[in-house]
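First up is the structure itself, then whatever we jot down about it.
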Amino acid sequence: MKKMKIAYVGFGKSTNRYHIPYLQTRDNFEIVRIVTPTLMKNPEAQLALEATGTLFSTDIQDIIQDKTIDLVVVVTPAKSHFALAKQLLQAGKNVLLDKPAVEKLTEMQELVALAQDANLFFMPFQNRRFDSDFLTVKKMIETGYLGRVIDIQVHMDHFRPDDTTVTGSNFDGAFYGHGVHLVDQMVSLFGSPEKVQYDIRSTRQPLSTLDDHFAVDLFYPDHLKASVHATESALVPYPKWLIQGTKGTFIKQDVDQQENDLKAGIMPGTAGFGEDSPQAYGHLTYLNQNGDRIEKYIPSEMGDYGRIYDAAYETVINGAEKLITDAQMLRVIEILEGGFENG
């Protein structure tokens with residue numbers, strides 16, 4: 001099996017938590033270069049990679065000039081994404097861009113056009129398409145237990161009280177930060193919505209210019225409404241998922257366990273990594289063909305953020321279709337930007 005040679009721009013928490021650990025469980029990837037503004041900021045992680053042959057430097061030209069690299073992964077602060085991705089695409093590099101990829105639809109259109117014109121791979125790192133809870137919801141919808149889905153709600157709630165006034169651009173708020181995951185999940189399930197309605201607010205501090213709360217409704221044909229929500233003020237969170245269909249209801253209270261395990265230092269490949277306990281399984285209530293009311297708990301599908309890399313490998317190395325289409329990428333950014341177009 002051919003090894004995909006990967007370079008990273010950025011070597012912070014996200015690179016070391018959500019990216020590299022998943023590659024280290026796979027044999028068909030090789031991390032050849034990492035460019036970071038500050039060397040030895042994380043000496044233990046850097047020395048471990050250097051021991052396997054990874055080259056570190058502070059100059060992106062080292063990546064651009066390395067003709068052996070198959071894919072460059074940009075994991076830097078969001079405001080730098082557009083300029084870096086453009087520079088890399090113009091240099092003929094395939095790019096996997098952390099999210100939120102960009103702030104404006106025009107920026108995404110430019111990057112997509114650059115990639116298309118040069119026949120390059122370009123895709124956002126939408127790893128939460130491989131959350132265990134999302135994969136379980138997707139399976140529930142596909143099995144038909146729920147009938148025709150009428151209403152689906154997904155929440156990403158936290159309790160982060162803050163007495164300081166926070167200022168910044170829309171790009172720094174919760175809708176871009178959390179909404180990029182949830183909107184992409186809905187677009188991947190149901191396609192492009194016909195209409196979008198927004199409730200985006202700053203709730204913790206009246207003078208804050210950053211949103212910390214949103215409830216956004218996406219409307220689809222056949223009377224389907226998909227609602228994405230997040231708040232930083234939920235001492236008791238809503239269920240992560242609530243789905244109503246013509247034949248059943250599915251409720252999943254808890255989030256994917258991968259992030260909790262990663263934060264605790266439990267890495268992919270460890271026994272039990274990312275697994276839900278039975279108490280965290282989703283609850284399905286439905287009517288069977290005889291009209292009987294059936295209730296059962298549904299074991300969670302296994303999540304795996306590394307499957308984004310598997311998909312990139314199949315496209316770059318084997319010529320498969322991209323996991324995330326250009327149309328989906330563009331629509332997600334259009335929806336995010338649309339939340340502020342009258343602001």
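In the structure tokens, each chain is lettered A, B, ... as it comes, each chain's residues begin at 1, and ligands are numbered from 1 in order of appearance.
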Next item on the list: Can you pull out every residue within 10 Å of region 219-224 of chain A, counting only C-alpha atoms, but drop anything in the same chain fewer than 5 positions away, and send it as an MDAnalysis selection string?
Entry: chainID A and resid 148:152 190:197 244:245
Please dump the current selection as a compact mmCIF listing (two decimals), in the first residue's frame; keep all heavy atoms.
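Produced file again10.txt, reproduced below:
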```
# COMPACT_ATOMS: atom_id res chain seq x y z
N ARG A 148 -40.82 8.87 7.86
CA ARG A 148 -40.35 10.12 7.25
C ARG A 148 -40.00 11.11 8.36
O ARG A 148 -40.84 11.40 9.22
CB ARG A 148 -41.42 10.70 6.32
CG ARG A 148 -41.03 12.04 5.70
CD ARG A 148 -42.04 12.47 4.63
NE ARG A 148 -43.39 12.51 5.13
CZ ARG A 148 -43.92 13.53 5.80
NH1 ARG A 148 -43.20 14.61 6.05
NH2 ARG A 148 -45.17 13.48 6.22
N VAL A 149 -38.78 11.61 8.35
CA VAL A 149 -38.34 12.54 9.39
C VAL A 149 -39.06 13.88 9.20
O VAL A 149 -39.10 14.43 8.10
CB VAL A 149 -36.82 12.74 9.35
CG1 VAL A 149 -36.39 13.80 10.37
CG2 VAL A 149 -36.11 11.41 9.64
N ILE A 150 -39.61 14.39 10.28
CA ILE A 150 -40.35 15.65 10.27
C ILE A 150 -39.53 16.76 10.93
O ILE A 150 -39.49 17.90 10.47
CB ILE A 150 -41.70 15.49 11.01
CG1 ILE A 150 -42.57 14.45 10.30
CG2 ILE A 150 -42.43 16.83 11.11
CD1 ILE A 150 -43.77 14.04 11.12
N ASP A 151 -38.91 16.41 12.04
CA ASP A 151 -38.19 17.42 12.82
C ASP A 151 -36.94 16.77 13.41
O ASP A 151 -37.03 15.70 14.02
CB ASP A 151 -39.09 17.95 13.94
CG ASP A 151 -38.49 19.17 14.63
OD1 ASP A 151 -37.66 18.99 15.53
OD2 ASP A 151 -38.87 20.28 14.25
N ILE A 152 -35.79 17.41 13.22
CA ILE A 152 -34.55 16.91 13.80
C ILE A 152 -33.83 18.07 14.45
O ILE A 152 -33.67 19.14 13.85
CB ILE A 152 -33.68 16.21 12.74
CG1 ILE A 152 -32.36 15.70 13.35
CG2 ILE A 152 -33.42 17.09 11.53
CD1 ILE A 152 -31.58 14.78 12.43
N PHE A 190 -29.20 15.82 4.45
CA PHE A 190 -30.40 16.21 3.72
C PHE A 190 -30.15 17.09 2.50
O PHE A 190 -31.09 17.39 1.76
CB PHE A 190 -31.37 16.93 4.67
CG PHE A 190 -31.72 16.15 5.90
CD1 PHE A 190 -31.33 16.59 7.15
CD2 PHE A 190 -32.42 14.96 5.81
CE1 PHE A 190 -31.65 15.87 8.30
CE2 PHE A 190 -32.74 14.23 6.94
CZ PHE A 190 -32.36 14.68 8.19
N GLY A 191 -28.92 17.52 2.29
CA GLY A 191 -28.64 18.38 1.16
C GLY A 191 -28.81 19.85 1.50
O GLY A 191 -28.81 20.26 2.67
N SER A 192 -28.98 20.65 0.47
CA SER A 192 -29.09 22.10 0.63
C SER A 192 -30.50 22.49 1.04
O SER A 192 -31.47 22.15 0.36
CB SER A 192 -28.72 22.79 -0.68
OG SER A 192 -28.86 24.19 -0.56
N PRO A 193 -30.66 23.23 2.14
CA PRO A 193 -32.00 23.64 2.56
C PRO A 193 -32.60 24.68 1.61
O PRO A 193 -31.88 25.44 0.96
CB PRO A 193 -31.77 24.23 3.95
CG PRO A 193 -30.36 24.69 3.94
CD PRO A 193 -29.61 23.73 3.07
N GLU A 194 -33.92 24.71 1.57
CA GLU A 194 -34.62 25.69 0.74
C GLU A 194 -34.66 27.06 1.40
O GLU A 194 -34.71 28.09 0.72
CB GLU A 194 -36.05 25.22 0.47
CG GLU A 194 -36.13 23.93 -0.34
CD GLU A 194 -37.56 23.47 -0.57
OE1 GLU A 194 -38.44 23.80 0.27
OE2 GLU A 194 -37.81 22.81 -1.58
N LYS A 195 -34.67 27.08 2.74
CA LYS A 195 -34.78 28.33 3.47
C LYS A 195 -34.07 28.17 4.81
O LYS A 195 -34.03 27.07 5.37
CB LYS A 195 -36.25 28.69 3.70
CG LYS A 195 -36.49 30.01 4.41
CD LYS A 195 -37.99 30.34 4.51
CE LYS A 195 -38.72 29.39 5.44
NZ LYS A 195 -40.12 29.82 5.70
N VAL A 196 -33.52 29.28 5.32
CA VAL A 196 -32.82 29.26 6.60
C VAL A 196 -33.32 30.43 7.44
O VAL A 196 -33.44 31.56 6.95
CB VAL A 196 -31.29 29.37 6.43
CG1 VAL A 196 -30.60 29.25 7.78
CG2 VAL A 196 -30.77 28.31 5.46
N GLN A 197 -33.64 30.15 8.71
CA GLN A 197 -34.02 31.20 9.64
C GLN A 197 -33.03 31.21 10.81
O GLN A 197 -32.65 30.14 11.30
CB GLN A 197 -35.45 30.99 10.16
CG GLN A 197 -36.51 31.22 9.10
CD GLN A 197 -37.92 31.05 9.64
OE1 GLN A 197 -38.13 30.48 10.72
NE2 GLN A 197 -38.90 31.56 8.90
N GLN A 244 -37.97 13.48 15.46
CA GLN A 244 -39.37 13.04 15.36
C GLN A 244 -39.65 12.65 13.92
O GLN A 244 -39.37 13.41 12.99
CB GLN A 244 -40.32 14.19 15.77
CG GLN A 244 -40.10 14.75 17.16
CD GLN A 244 -40.62 13.84 18.27
OE1 GLN A 244 -41.02 12.70 18.02
NE2 GLN A 244 -40.63 14.35 19.49
N GLY A 245 -40.20 11.46 13.76
CA GLY A 245 -40.59 11.00 12.44
C GLY A 245 -42.05 10.59 12.43
O GLY A 245 -42.72 10.61 13.47
```
Checklist line | Shell around Ala320 (chain A) at 12 Å using only C-alpha atoms, local window under 5 positions removed, as number ranges by chain | finding: A: 121, 310-315, 325
Note to self: Run DSSP on the backbone and tell me which residues of region 182-301 of chain A come out as helix (DSSP H, G or I); list them as a PyMOL selection string.
What the structure shows: chain A and resi 182-190+258-263+278-280
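For region 202-270 of chain A, backbone-based DSSP labels the following residues as strand (DSSP E): His213, Phe214, Ala215, Val216, Asp217, Leu218, Phe219, Tyr220, Leu224, Lys225, Ala226, Ser227, Val228, His229, Ala230, Thr231, Trp241, Leu242, Ile243, Gln244, Gly245, Gly248, Thr249, Phe250, Ile251 and Lys252 of chain A.
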If you keep C-alpha atoms, can you produce a file of those selected residues as a compact mmCIF listing (two decimals), in the first residue's frame?
```txt
# COMPACT_ATOMS: atom_id res chain seq x y z
CA HIS A 213 -25.99 31.30 21.46
CA PHE A 214 -27.71 30.27 18.25
CA ALA A 215 -30.82 28.43 17.09
CA VAL A 216 -30.90 28.12 13.32
CA ASP A 217 -33.64 26.34 11.38
CA LEU A 218 -33.02 24.74 8.00
CA PHE A 219 -36.16 24.02 6.00
CA TYR A 220 -36.38 21.19 3.47
CA LEU A 224 -38.77 18.66 7.19
CA LYS A 225 -37.14 21.11 9.58
CA ALA A 226 -33.58 20.58 10.80
CA SER A 227 -32.59 22.76 13.75
CA VAL A 228 -29.03 23.36 14.94
CA HIS A 229 -28.46 24.84 18.37
CA ALA A 230 -25.62 25.80 20.69
CA THR A 231 -25.30 27.82 23.85
CA TRP A 241 -30.25 14.74 19.35
CA LEU A 242 -34.04 14.72 19.20
CA ILE A 243 -35.64 13.32 16.05
CA GLN A 244 -39.37 13.04 15.36
CA GLY A 245 -40.59 11.00 12.44
CA GLY A 248 -41.02 7.05 15.72
CA THR A 249 -38.82 9.18 17.96
CA PHE A 250 -35.10 8.92 18.66
CA ILE A 251 -33.41 10.72 21.56
CA LYS A 252 -29.67 10.67 22.26
```
Could you make a table, as CSV, of the residues of region 155-270 of chain A that have an atom within 10 Å of an atom of region 86-109 of chain A, each with its nearest atom pair and distance in Å to one decimal, counting only C-alpha atoms, in chain and number order?
```
residue,atom,partner,partner_atom,distance
A:Ser169,CA,A:Glu103,CA,10.0
A:Asn170,CA,A:Glu103,CA,8.4
A:Phe171,CA,A:Glu103,CA,6.0
A:Asp172,CA,A:Glu103,CA,9.6
A:Phe175,CA,A:Pro100,CA,9.9
A:Tyr176,CA,A:Pro100,CA,6.3
A:Gly177,CA,A:Pro100,CA,6.6
A:His178,CA,A:Pro100,CA,8.8
A:Gly179,CA,A:Pro100,CA,9.0
A:Val180,CA,A:Pro100,CA,6.1
A:His181,CA,A:Lys99,CA,8.4
```
Emit the selected residues as a compact mmCIF listing (two decimals), in the first residue's frame, including C-alpha atoms.
```txt
# COMPACT_ATOMS: atom_id res chain seq x y z
CA SER A 169 -15.60 39.47 14.54
CA ASN A 170 -18.43 37.15 13.56
CA PHE A 171 -15.77 34.61 12.57
CA ASP A 172 -14.78 34.31 16.24
CA PHE A 175 -22.06 30.07 15.05
CA TYR A 176 -18.87 29.81 13.02
CA GLY A 177 -17.12 27.80 15.75
CA HIS A 178 -19.87 25.28 16.56
CA GLY A 179 -22.32 25.84 13.74
CA VAL A 180 -19.80 24.76 11.12
CA HIS A 181 -20.01 21.22 12.53
```
Wanna dump the region 15-79 of chain A-region 266-273 of chain A contacts at 12 Å for me, each residue with its shortest atom pair and the distance in Å to one decimal, counting only C-alpha atoms, ordered by chain and number, as a tab-separated table?
```
residue	atom	partner	partner_atom	distance
A:Asn16	CA	A:Met267	CA	10.7
A:Arg17	CA	A:Met267	CA	8.7
A:Tyr18	CA	A:Met267	CA	10.0
A:His19	CA	A:Pro268	CA	10.7
A:Ile20	CA	A:Pro268	CA	10.1
A:Pro21	CA	A:Pro268	CA	6.4
A:Tyr22	CA	A:Pro268	CA	6.2
A:Leu23	CA	A:Pro268	CA	9.3
A:Gln24	CA	A:Pro268	CA	8.3
A:Thr25	CA	A:Gly269	CA	6.2
A:Arg26	CA	A:Gly269	CA	9.7
```
Include N, CA and C atoms and write out the residues we just selected as a compact mmCIF listing (two decimals), in the first residue's frame.
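This is the output file selection24.txt:
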```txt
# COMPACT_ATOMS: atom_id res chain seq x y z
N ASN A 16 -2.21 18.15 17.54
CA ASN A 16 -1.75 17.06 18.40
C ASN A 16 -2.90 16.29 19.05
N ARG A 17 -4.12 16.83 18.98
CA ARG A 17 -5.24 16.13 19.60
C ARG A 17 -6.17 15.49 18.57
N TYR A 18 -6.51 16.22 17.51
CA TYR A 18 -7.55 15.74 16.60
C TYR A 18 -7.00 15.20 15.28
N HIS A 19 -5.72 15.34 15.05
CA HIS A 19 -5.15 14.92 13.77
C HIS A 19 -4.12 13.80 13.93
N ILE A 20 -2.97 14.14 14.47
CA ILE A 20 -1.85 13.20 14.50
C ILE A 20 -2.18 11.88 15.21
N PRO A 21 -2.89 11.88 16.35
CA PRO A 21 -3.15 10.59 17.00
C PRO A 21 -3.87 9.58 16.11
N TYR A 22 -4.69 10.05 15.20
CA TYR A 22 -5.41 9.13 14.32
C TYR A 22 -4.51 8.59 13.22
N LEU A 23 -3.55 9.39 12.77
CA LEU A 23 -2.61 8.89 11.77
C LEU A 23 -1.70 7.83 12.36
N GLN A 24 -1.42 7.93 13.65
CA GLN A 24 -0.49 7.00 14.28
C GLN A 24 -1.08 5.61 14.47
N THR A 25 -2.38 5.45 14.19
CA THR A 25 -2.99 4.12 14.21
C THR A 25 -3.12 3.54 12.81
N ARG A 26 -2.60 4.25 11.81
CA ARG A 26 -2.74 3.83 10.42
C ARG A 26 -1.36 3.69 9.79
```
